[in-house]
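Here's the structure, in structure tokens; my notes come after.
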Amino acid sequence: MRRPSFVVYGVLAAFILGSAFPLYYSYLVASRGNELLTGDFTLVPGGNFLSNAARVFDTIPFWKALGNSVLVSGTVTLSVVLLSALAGFAFAKLRFRGSGVLFLFVVATLAVPTQLGIIPLYMAMAEFGWAGELEAVIVPNLVTAFGVFWMRQYLVDAIPDELVEAARMDGCSLWRTFWHVALPAARPAAAMLGVFTFMQSWNDFLWPLIVLNADNPTIQVALEKLQSGYYVDYSLVLAGTTLATIPVLLVFLVLGRQIVAGVMQGAVKG
Amino acid sequence: MTAVLTRPDRGRVEEDPRPRYRLSSLDTKVSPYLFVAPFFVLFAAVGLFPLLYTAYVSLFDWELGADERTFIGLDNYSTLFTDGQFWNALFNTFSIFLLSSVPQVIVAVLLAALLAANLRGRTAWRMGVLLPYVASLVALAIIFGSLFGPQYGLVNDVLTTIGLPRIDWQANTFGSHVAIASMVNWRWTGYNALIVLAAMLAIPREVTEAAVVDGAGPVRRFFSITLPMLKPTIVFVIVTSTIGGLQIFTEPKLFEPAGGSGGGAEHQYQTVVLYLYQSAFQHFDLGYASAIAWTLFMIIIAVAGLNFWLTRRAVR
């Protein structure tokens, strides 16, 4: 196939620069201060980023929020991946009465907006005394219908029936067959499900905003508190958004290739 | 689905009834249910039950924190259907949705066509396009709030530099919708471009080659072959973005500085979920908020059903 002309590269480069600009802008304001907004605009960063970052640490419990987000998203991801693989394996490779109907139920719930159940969920959390605690943002997200669907679709083709059968002949229980045969085979799909679940949980905002408070927030809720004062000091707020973006960018540099592959595979399979 | 496990095992149980095999037969019968149970139990408890219970709460005058609650039948709904603020929120939600989905799909298809070229370092280009998708939503909404600031925002600076009048992006209804839609577009266009790209790369090469032999140029090939073959994917993109778009919350919530949830002084950019949030957690009217939630749920089901019906027709 012929290589495309420089125009194609030019348009793509312009699009990507435009995409990256808001993030760079956030760093610009954070490093120069509010006079960038009131005075003449420039693309050269200044030297105030560290002092603005220090003010962020004084205003919100940034590190605690970051730690909370890692803990919440990590737990949710581990649970979603494991429970989805387990159910997906059963739907893909085991024969049991009612499996067809049950799987149909999973497919039917894919599009159900469970987010709209937040009011009873909030009542329940208040009842359990979990309001303000991390349990409140972890427990409601331990499973997703999408995860089960995704793992089932992958495992149907990924594990030959003979392999499951052989493990059974050797006296493996179904649990051991899952653990030693299905889970290793599921690794590529599990990794992608993990990355997407983590990102989704990391970005979750509506529910954490309702159920957590300023003293024990996730990073998204902490950022909102930074912005919700009566007077918005943008050099402070945008220092916060820059700080919160750095870890995400690092992860993207390491896992970007897999994330791209995941988006594209999801398109073909879904 | 496969028919493997049970038959050989059962055969063995009959010939050789040692305990291990009896255990194995029990394992075969019960374990599959144990494997799917965690999903169903948890999903029912934290997903389905709250959603259904919302319908129950919507039949009460139910204040957050109050001891008493009164059954009032469908009163919340009759209030809702005459509530100007609700219709306004519904209008805003659809307006923002249209402003974000239509340009987004067009740009995503064009972008995918560029990415489908035989690029040098193609993974790097694909990653670049996906960058906004991984950036955190709250950070983005705050950044865009600053860019679209009425007084010192960069967007207005650019407008005045090229000789156009300033726009008060917060106060102006259409302006605020454009600003919020631009956040959605910024975040999702690249992601959807990759989905369309995947579908584009899956088009069999013979089809394109046959068109080349028949003398079709690149533009003709794009409109007569690529685009029709992408139809199912484009419909998929539209359906998923509808379900998400009707529940938009973070962008309009953070577009209002100082932590308000009215969606502007005149509710000019308050969406349905933002109104739900305001009713439940600032007016503490859980019954009314539940009626909003349940009505939105019905709308989403209807729109998704309509989409599904249109898809079937489009594919046929």
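We label chains A, B, ... in the order they appear in the structure tokens, count residues from 1 in each chain, and number ligands from 1 in the order shown.
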- For chain A, list the residues within 6 Å of chain B, counting only C-alpha atoms, and write the list as a VMD selection string. chain A and resid 3 16 37 to 38 86 to 87 90 114 116 to 117 120 to 121 140 143 203 220 228 to 230 241 264 267
Output the selection as a CSV table (one decimal), in the first residue's frame - N, CA and C atoms for each residue.
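Generated file (part_37.csv):
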chain,number,residue,atom,x,y,z
A,3,ARG,N,2.3,4.9,0.8
A,3,ARG,CA,2.3,5.8,1.9
A,3,ARG,C,1.4,7.1,1.6
A,16,ILE,N,-4.4,16.2,16.7
A,16,ILE,CA,-3.8,15.7,18.0
A,16,ILE,C,-3.3,16.9,18.9
A,37,LEU,N,-4.5,34.9,32.3
A,37,LEU,CA,-5.9,35.0,31.9
A,37,LEU,C,-6.3,36.5,31.7
A,38,THR,N,-5.8,37.4,32.5
A,38,THR,CA,-6.2,38.8,32.4
A,38,THR,C,-5.3,39.5,31.4
A,86,LEU,N,-15.2,-15.5,35.9
A,86,LEU,CA,-15.8,-16.7,36.5
A,86,LEU,C,-17.2,-17.0,35.8
A,87,ALA,N,-18.0,-15.9,35.8
A,87,ALA,CA,-19.4,-16.1,35.2
A,87,ALA,C,-19.2,-16.3,33.7
A,90,ALA,N,-18.4,-19.9,33.0
A,90,ALA,CA,-19.5,-20.8,33.1
A,90,ALA,C,-20.4,-20.6,31.9
A,114,THR,N,-28.3,1.8,35.3
A,114,THR,CA,-28.4,1.5,36.8
A,114,THR,C,-28.0,2.8,37.6
A,116,LEU,N,-29.4,5.4,37.5
A,116,LEU,CA,-30.6,6.1,37.9
A,116,LEU,C,-31.2,5.6,39.2
A,117,GLY,N,-30.6,4.5,39.8
A,117,GLY,CA,-31.1,4.0,41.0
A,117,GLY,C,-30.4,4.7,42.2
A,120,PRO,N,-32.5,5.2,46.0
A,120,PRO,CA,-32.6,4.1,47.0
A,120,PRO,C,-31.2,3.7,47.5
A,121,LEU,N,-30.2,3.8,46.5
A,121,LEU,CA,-28.9,3.4,46.9
A,121,LEU,C,-28.3,4.3,48.0
A,140,PRO,N,-21.2,-0.8,45.3
A,140,PRO,CA,-22.2,-0.8,44.2
A,140,PRO,C,-21.5,-1.1,42.9
A,143,VAL,N,-19.7,-5.6,40.2
A,143,VAL,CA,-19.9,-6.4,39.0
A,143,VAL,C,-20.5,-5.5,37.9
A,203,ASN,N,-12.9,7.7,36.8
A,203,ASN,CA,-13.6,8.9,36.4
A,203,ASN,C,-15.0,9.1,37.0
A,220,GLN,N,-11.6,12.9,42.0
A,220,GLN,CA,-12.5,13.7,41.3
A,220,GLN,C,-13.3,14.6,42.2
A,228,SER,N,-15.3,24.6,43.8
A,228,SER,CA,-16.6,25.0,44.2
A,228,SER,C,-16.7,26.2,45.1
A,229,GLY,N,-15.5,26.8,45.4
A,229,GLY,CA,-15.5,28.0,46.3
A,229,GLY,C,-16.3,29.1,45.6
A,230,TYR,N,-16.6,30.2,46.3
A,230,TYR,CA,-17.4,31.3,45.7
A,230,TYR,C,-16.6,32.0,44.6
A,241,THR,N,-5.9,20.2,38.5
A,241,THR,CA,-6.2,19.4,37.4
A,241,THR,C,-4.9,18.8,36.7
A,264,MET,N,-10.5,-0.9,19.8
A,264,MET,CA,-10.7,-1.4,18.4
A,264,MET,C,-11.3,-2.8,18.4
A,267,ALA,N,-15.0,-2.8,19.4
A,267,ALA,CA,-15.8,-2.4,18.3
A,267,ALA,C,-16.2,-3.6,17.4
- Task: Have a look at A:Val156, A:Ile259, A:Val56, A:Leu43 and name the one nearest to Tyr234 of chain A; count only C-alpha atoms.
- Result: A:Val56
For the helix (DSSP H, G or I) assignment from backbone DSSP, which residues of segment 19-227 of chain B qualify? Please present them as a PDB file with C-alpha atoms, in the first residue's frame.
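Contents of part-v6.pdb, as written:
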ATOM      1  CA  PRO B  19     -16.618 -41.147  45.967  1.00  0.00           C
ATOM      2  CA  ARG B  20     -14.397 -38.923  43.865  1.00  0.00           C
ATOM      3  CA  TYR B  21     -16.651 -39.331  40.849  1.00  0.00           C
ATOM      4  CA  ARG B  22     -19.811 -38.818  42.828  1.00  0.00           C
ATOM      5  CA  LEU B  23     -18.305 -35.601  44.075  1.00  0.00           C
ATOM      6  CA  SER B  24     -17.418 -34.772  40.516  1.00  0.00           C
ATOM      7  CA  SER B  25     -21.007 -35.217  39.396  1.00  0.00           C
ATOM      8  CA  LEU B  26     -22.199 -32.887  42.133  1.00  0.00           C
ATOM      9  CA  ASP B  27     -19.487 -30.459  41.096  1.00  0.00           C
ATOM     10  CA  THR B  28     -20.721 -30.522  37.495  1.00  0.00           C
ATOM     11  CA  LYS B  29     -24.288 -29.866  38.526  1.00  0.00           C
ATOM     12  CA  VAL B  30     -23.796 -27.199  41.156  1.00  0.00           C
ATOM     13  CA  SER B  31     -20.589 -25.349  40.348  1.00  0.00           C
ATOM     14  CA  PRO B  32     -21.822 -23.508  37.240  1.00  0.00           C
ATOM     15  CA  TYR B  33     -24.540 -21.885  39.351  1.00  0.00           C
ATOM     16  CA  LEU B  34     -21.993 -20.943  41.996  1.00  0.00           C
ATOM     17  CA  PHE B  35     -19.847 -19.366  39.274  1.00  0.00           C
ATOM     18  CA  VAL B  36     -22.593 -17.117  37.933  1.00  0.00           C
ATOM     19  CA  ALA B  37     -24.188 -16.446  41.327  1.00  0.00           C
ATOM     20  CA  PRO B  38     -21.868 -13.614  42.477  1.00  0.00           C
ATOM     21  CA  PHE B  39     -22.749 -11.584  39.407  1.00  0.00           C
ATOM     22  CA  PHE B  40     -26.489 -12.104  39.680  1.00  0.00           C
ATOM     23  CA  VAL B  41     -26.705 -11.596  43.435  1.00  0.00           C
ATOM     24  CA  LEU B  42     -24.624  -8.421  43.415  1.00  0.00           C
ATOM     25  CA  PHE B  43     -26.244  -7.044  40.293  1.00  0.00           C
ATOM     26  CA  ALA B  44     -29.699  -7.614  41.724  1.00  0.00           C
ATOM     27  CA  ALA B  45     -28.758  -6.008  45.038  1.00  0.00           C
ATOM     28  CA  VAL B  46     -26.913  -2.892  43.864  1.00  0.00           C
ATOM     29  CA  GLY B  47     -28.189  -2.435  40.295  1.00  0.00           C
ATOM     30  CA  LEU B  48     -31.635  -3.782  39.660  1.00  0.00           C
ATOM     31  CA  PHE B  49     -33.233  -3.441  43.083  1.00  0.00           C
ATOM     32  CA  PRO B  50     -32.390   0.270  43.543  1.00  0.00           C
ATOM     33  CA  LEU B  51     -33.670   0.995  40.060  1.00  0.00           C
ATOM     34  CA  LEU B  52     -37.006  -0.729  40.722  1.00  0.00           C
ATOM     35  CA  TYR B  53     -37.279   0.702  44.226  1.00  0.00           C
ATOM     36  CA  THR B  54     -36.961   4.157  42.646  1.00  0.00           C
ATOM     37  CA  ALA B  55     -40.415   3.605  41.137  1.00  0.00           C
ATOM     38  CA  TYR B  56     -41.764   2.852  44.625  1.00  0.00           C
ATOM     39  CA  VAL B  57     -40.187   5.945  46.204  1.00  0.00           C
ATOM     40  CA  ASP B  75     -48.932  13.194  42.269  1.00  0.00           C
ATOM     41  CA  ASN B  76     -45.182  13.557  41.767  1.00  0.00           C
ATOM     42  CA  TYR B  77     -45.662  12.690  38.108  1.00  0.00           C
ATOM     43  CA  SER B  78     -48.533  15.090  37.534  1.00  0.00           C
ATOM     44  CA  THR B  79     -46.440  17.839  39.149  1.00  0.00           C
ATOM     45  CA  LEU B  80     -43.493  16.833  37.010  1.00  0.00           C
ATOM     46  CA  PHE B  81     -45.376  16.999  33.730  1.00  0.00           C
ATOM     47  CA  GLY B  84     -41.427  24.062  33.456  1.00  0.00           C
ATOM     48  CA  GLN B  85     -38.008  23.388  34.922  1.00  0.00           C
ATOM     49  CA  PHE B  86     -38.269  19.700  34.027  1.00  0.00           C
ATOM     50  CA  TRP B  87     -39.234  20.382  30.398  1.00  0.00           C
ATOM     51  CA  ASN B  88     -36.463  22.930  30.219  1.00  0.00           C
ATOM     52  CA  ALA B  89     -33.985  20.335  31.515  1.00  0.00           C
ATOM     53  CA  LEU B  90     -35.257  17.814  28.993  1.00  0.00           C
ATOM     54  CA  PHE B  91     -34.858  20.347  26.184  1.00  0.00           C
ATOM     55  CA  ASN B  92     -31.319  21.202  27.337  1.00  0.00           C
ATOM     56  CA  THR B  93     -30.370  17.519  27.505  1.00  0.00           C
ATOM     57  CA  PHE B  94     -31.521  16.827  23.951  1.00  0.00           C
ATOM     58  CA  SER B  95     -30.034  20.065  22.643  1.00  0.00           C
ATOM     59  CA  ILE B  96     -26.614  19.277  24.150  1.00  0.00           C
ATOM     60  CA  PHE B  97     -26.915  15.715  22.915  1.00  0.00           C
ATOM     61  CA  LEU B  98     -27.581  16.769  19.321  1.00  0.00           C
ATOM     62  CA  LEU B  99     -24.831  19.385  19.370  1.00  0.00           C
ATOM     63  CA  SER B 100     -22.405  16.741  20.548  1.00  0.00           C
ATOM     64  CA  SER B 101     -23.406  13.646  18.618  1.00  0.00           C
ATOM     65  CA  VAL B 102     -23.914  14.965  15.088  1.00  0.00           C
ATOM     66  CA  PRO B 103     -20.581  16.759  14.567  1.00  0.00           C
ATOM     67  CA  GLN B 104     -18.856  14.021  16.512  1.00  0.00           C
ATOM     68  CA  VAL B 105     -19.955  11.195  14.242  1.00  0.00           C
ATOM     69  CA  ILE B 106     -19.036  13.145  11.105  1.00  0.00           C
ATOM     70  CA  VAL B 107     -15.574  14.086  12.362  1.00  0.00           C
ATOM     71  CA  ALA B 108     -14.994  10.573  13.710  1.00  0.00           C
ATOM     72  CA  VAL B 109     -15.677   9.023  10.297  1.00  0.00           C
ATOM     73  CA  LEU B 110     -13.368  11.498   8.532  1.00  0.00           C
ATOM     74  CA  LEU B 111     -10.678  10.978  11.131  1.00  0.00           C
ATOM     75  CA  ALA B 112     -10.993   7.218  10.771  1.00  0.00           C
ATOM     76  CA  ALA B 113     -10.554   7.568   7.002  1.00  0.00           C
ATOM     77  CA  LEU B 114      -7.268   9.418   7.618  1.00  0.00           C
ATOM     78  CA  LEU B 115      -6.108   6.855  10.182  1.00  0.00           C
ATOM     79  CA  ARG B 122       0.390   4.167  13.033  1.00  0.00           C
ATOM     80  CA  THR B 123       0.063   3.067  16.692  1.00  0.00           C
ATOM     81  CA  ALA B 124       1.466   6.412  17.831  1.00  0.00           C
ATOM     82  CA  TRP B 125      -1.134   8.257  15.738  1.00  0.00           C
ATOM     83  CA  ARG B 126      -3.933   6.135  17.128  1.00  0.00           C
ATOM     84  CA  MET B 127      -2.725   6.741  20.675  1.00  0.00           C
ATOM     85  CA  GLY B 128      -2.594  10.477  20.014  1.00  0.00           C
ATOM     86  CA  VAL B 129      -6.187  10.505  18.877  1.00  0.00           C
ATOM     87  CA  LEU B 130      -7.256   8.610  22.006  1.00  0.00           C
ATOM     88  CA  LEU B 131      -5.491  10.968  24.429  1.00  0.00           C
ATOM     89  CA  PRO B 132      -8.597  12.988  25.451  1.00  0.00           C
ATOM     90  CA  TYR B 133     -10.459   9.802  26.286  1.00  0.00           C
ATOM     91  CA  VAL B 134      -8.055   8.860  29.081  1.00  0.00           C
ATOM     92  CA  LEU B 137     -13.484  14.008  33.020  1.00  0.00           C
ATOM     93  CA  VAL B 138     -13.655  16.319  36.025  1.00  0.00           C
ATOM     94  CA  ALA B 139     -10.291  17.898  35.176  1.00  0.00           C
ATOM     95  CA  LEU B 140     -11.476  18.452  31.613  1.00  0.00           C
ATOM     96  CA  ALA B 141     -14.748  20.016  32.616  1.00  0.00           C
ATOM     97  CA  ILE B 142     -12.898  22.436  34.891  1.00  0.00           C
ATOM     98  CA  ILE B 143     -10.370  23.283  32.153  1.00  0.00           C
ATOM     99  CA  PHE B 144     -13.145  23.919  29.620  1.00  0.00           C
ATOM    100  CA  GLY B 145     -14.976  26.045  32.162  1.00  0.00           C
ATOM    101  CA  SER B 146     -11.905  28.266  32.248  1.00  0.00           C
ATOM    102  CA  LEU B 147     -11.435  28.271  28.456  1.00  0.00           C
ATOM    103  CA  LEU B 154      -9.278  32.112  25.929  1.00  0.00           C
ATOM    104  CA  VAL B 155     -12.142  31.340  23.536  1.00  0.00           C
ATOM    105  CA  ASN B 156     -13.478  34.872  23.875  1.00  0.00           C
ATOM    106  CA  ASP B 157      -9.965  36.276  23.464  1.00  0.00           C
ATOM    107  CA  VAL B 158      -9.676  34.426  20.174  1.00  0.00           C
ATOM    108  CA  LEU B 159     -13.113  35.663  19.078  1.00  0.00           C
ATOM    109  CA  THR B 160     -12.218  39.307  19.738  1.00  0.00           C
ATOM    110  CA  THR B 161      -8.820  38.899  18.048  1.00  0.00           C
ATOM    111  CA  THR B 173     -28.505  29.254  26.505  1.00  0.00           C
ATOM    112  CA  PHE B 174     -27.206  28.240  23.101  1.00  0.00           C
ATOM    113  CA  GLY B 175     -23.674  29.350  23.996  1.00  0.00           C
ATOM    114  CA  SER B 176     -23.620  27.184  27.121  1.00  0.00           C
ATOM    115  CA  HIS B 177     -24.910  24.215  25.145  1.00  0.00           C
ATOM    116  CA  VAL B 178     -22.148  24.677  22.581  1.00  0.00           C
ATOM    117  CA  ALA B 179     -19.528  24.906  25.324  1.00  0.00           C
ATOM    118  CA  ILE B 180     -20.765  21.763  27.072  1.00  0.00           C
ATOM    119  CA  ALA B 181     -21.142  19.865  23.795  1.00  0.00           C
ATOM    120  CA  SER B 182     -17.590  20.804  22.901  1.00  0.00           C
ATOM    121  CA  MET B 183     -16.384  19.036  26.069  1.00  0.00           C
ATOM    122  CA  VAL B 184     -18.249  15.910  25.048  1.00  0.00           C
ATOM    123  CA  ASN B 185     -16.940  16.124  21.493  1.00  0.00           C
ATOM    124  CA  TRP B 186     -13.407  16.746  22.638  1.00  0.00           C
ATOM    125  CA  ARG B 187     -13.471  13.674  24.829  1.00  0.00           C
ATOM    126  CA  TRP B 188     -15.242  11.152  22.593  1.00  0.00           C
ATOM    127  CA  THR B 189     -14.442  11.960  18.946  1.00  0.00           C
ATOM    128  CA  GLY B 190     -11.090  10.166  18.921  1.00  0.00           C
ATOM    129  CA  TYR B 191     -12.525   7.158  20.744  1.00  0.00           C
ATOM    130  CA  ASN B 192     -15.343   6.814  18.230  1.00  0.00           C
ATOM    131  CA  ALA B 193     -12.896   7.352  15.364  1.00  0.00           C
ATOM    132  CA  LEU B 194     -11.013   4.242  16.512  1.00  0.00           C
ATOM    133  CA  ILE B 195     -14.239   2.224  16.622  1.00  0.00           C
ATOM    134  CA  VAL B 196     -15.101   3.319  13.079  1.00  0.00           C
ATOM    135  CA  LEU B 197     -11.502   2.656  12.025  1.00  0.00           C
ATOM    136  CA  ALA B 198     -11.745  -0.928  13.289  1.00  0.00           C
ATOM    137  CA  ALA B 199     -14.878  -1.429  11.196  1.00  0.00           C
ATOM    138  CA  MET B 200     -13.201   0.197   8.191  1.00  0.00           C
ATOM    139  CA  LEU B 201     -10.205  -2.119   8.395  1.00  0.00           C
ATOM    140  CA  ARG B 205     -10.026  -5.890   0.451  1.00  0.00           C
ATOM    141  CA  GLU B 206     -11.613  -7.610  -2.587  1.00  0.00           C
ATOM    142  CA  VAL B 207     -14.590  -5.256  -2.434  1.00  0.00           C
ATOM    143  CA  THR B 208     -12.378  -2.170  -2.603  1.00  0.00           C
ATOM    144  CA  GLU B 209     -10.162  -3.707  -5.276  1.00  0.00           C
ATOM    145  CA  ALA B 210     -13.161  -4.555  -7.420  1.00  0.00           C
ATOM    146  CA  ALA B 211     -14.231  -0.919  -7.237  1.00  0.00           C
ATOM    147  CA  VAL B 212     -10.738   0.212  -8.221  1.00  0.00           C
ATOM    148  CA  VAL B 213     -10.860  -2.104 -11.243  1.00  0.00           C
ATOM    149  CA  PRO B 218     -11.119   7.416  -3.770  1.00  0.00           C
ATOM    150  CA  VAL B 219     -13.996   9.829  -3.074  1.00  0.00           C
ATOM    151  CA  ARG B 220     -16.492   7.679  -4.942  1.00  0.00           C
ATOM    152  CA  ARG B 221     -15.204   4.566  -3.124  1.00  0.00           C
ATOM    153  CA  PHE B 222     -15.612   6.311   0.228  1.00  0.00           C
ATOM    154  CA  PHE B 223     -19.250   7.254  -0.380  1.00  0.00           C
ATOM    155  CA  SER B 224     -20.387   4.175  -2.311  1.00  0.00           C
ATOM    156  CA  ILE B 225     -18.546   1.408  -0.481  1.00  0.00           C
ATOM    157  CA  THR B 226     -16.933   2.429   2.799  1.00  0.00           C
ATOM    158  CA  LEU B 227     -19.796   4.487   4.189  1.00  0.00           C
TER     159      LEU B 227
END
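The gap separating atom CA of Asn34 of chain A from atom CA of Gly46 of chain A is 11.4 Å, in Å to one decimal.
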- Pull the strand (DSSP E) assignments for segment 1-190 of chain B out of DSSP run on the backbone, and list those residues as a ChimeraX atom specification. /B:60-62,69-71
Same residues, N, CA and C atoms, output as a JSON list (two decimals), in the first residue's frame:
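Result file follows (result-v1.json):
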[["chain", "number", "residue", "atom", "x", "y", "z"],
["B", 60, "PHE", "N", -44.28, 8.52, 46.73],
["B", 60, "PHE", "CA", -44.42, 9.08, 48.07],
["B", 60, "PHE", "C", -43.96, 10.53, 48.11],
["B", 61, "ASP", "N", -44.49, 11.24, 49.09],
["B", 61, "ASP", "CA", -43.91, 12.51, 49.47],
["B", 61, "ASP", "C", -42.84, 12.17, 50.49],
["B", 62, "TRP", "N", -41.61, 12.09, 50.07],
["B", 62, "TRP", "CA", -40.55, 11.46, 50.85],
["B", 62, "TRP", "C", -39.40, 12.44, 50.98],
["B", 69, "ARG", "N", -43.43, 9.70, 55.88],
["B", 69, "ARG", "CA", -43.57, 9.81, 54.43],
["B", 69, "ARG", "C", -44.99, 9.43, 54.07],
["B", 70, "THR", "N", -45.53, 10.13, 53.09],
["B", 70, "THR", "CA", -46.94, 9.98, 52.75],
["B", 70, "THR", "C", -47.08, 9.42, 51.36],
["B", 71, "PHE", "N", -47.96, 8.44, 51.23],
["B", 71, "PHE", "CA", -48.25, 7.90, 49.91],
["B", 71, "PHE", "C", -49.12, 8.90, 49.16]]
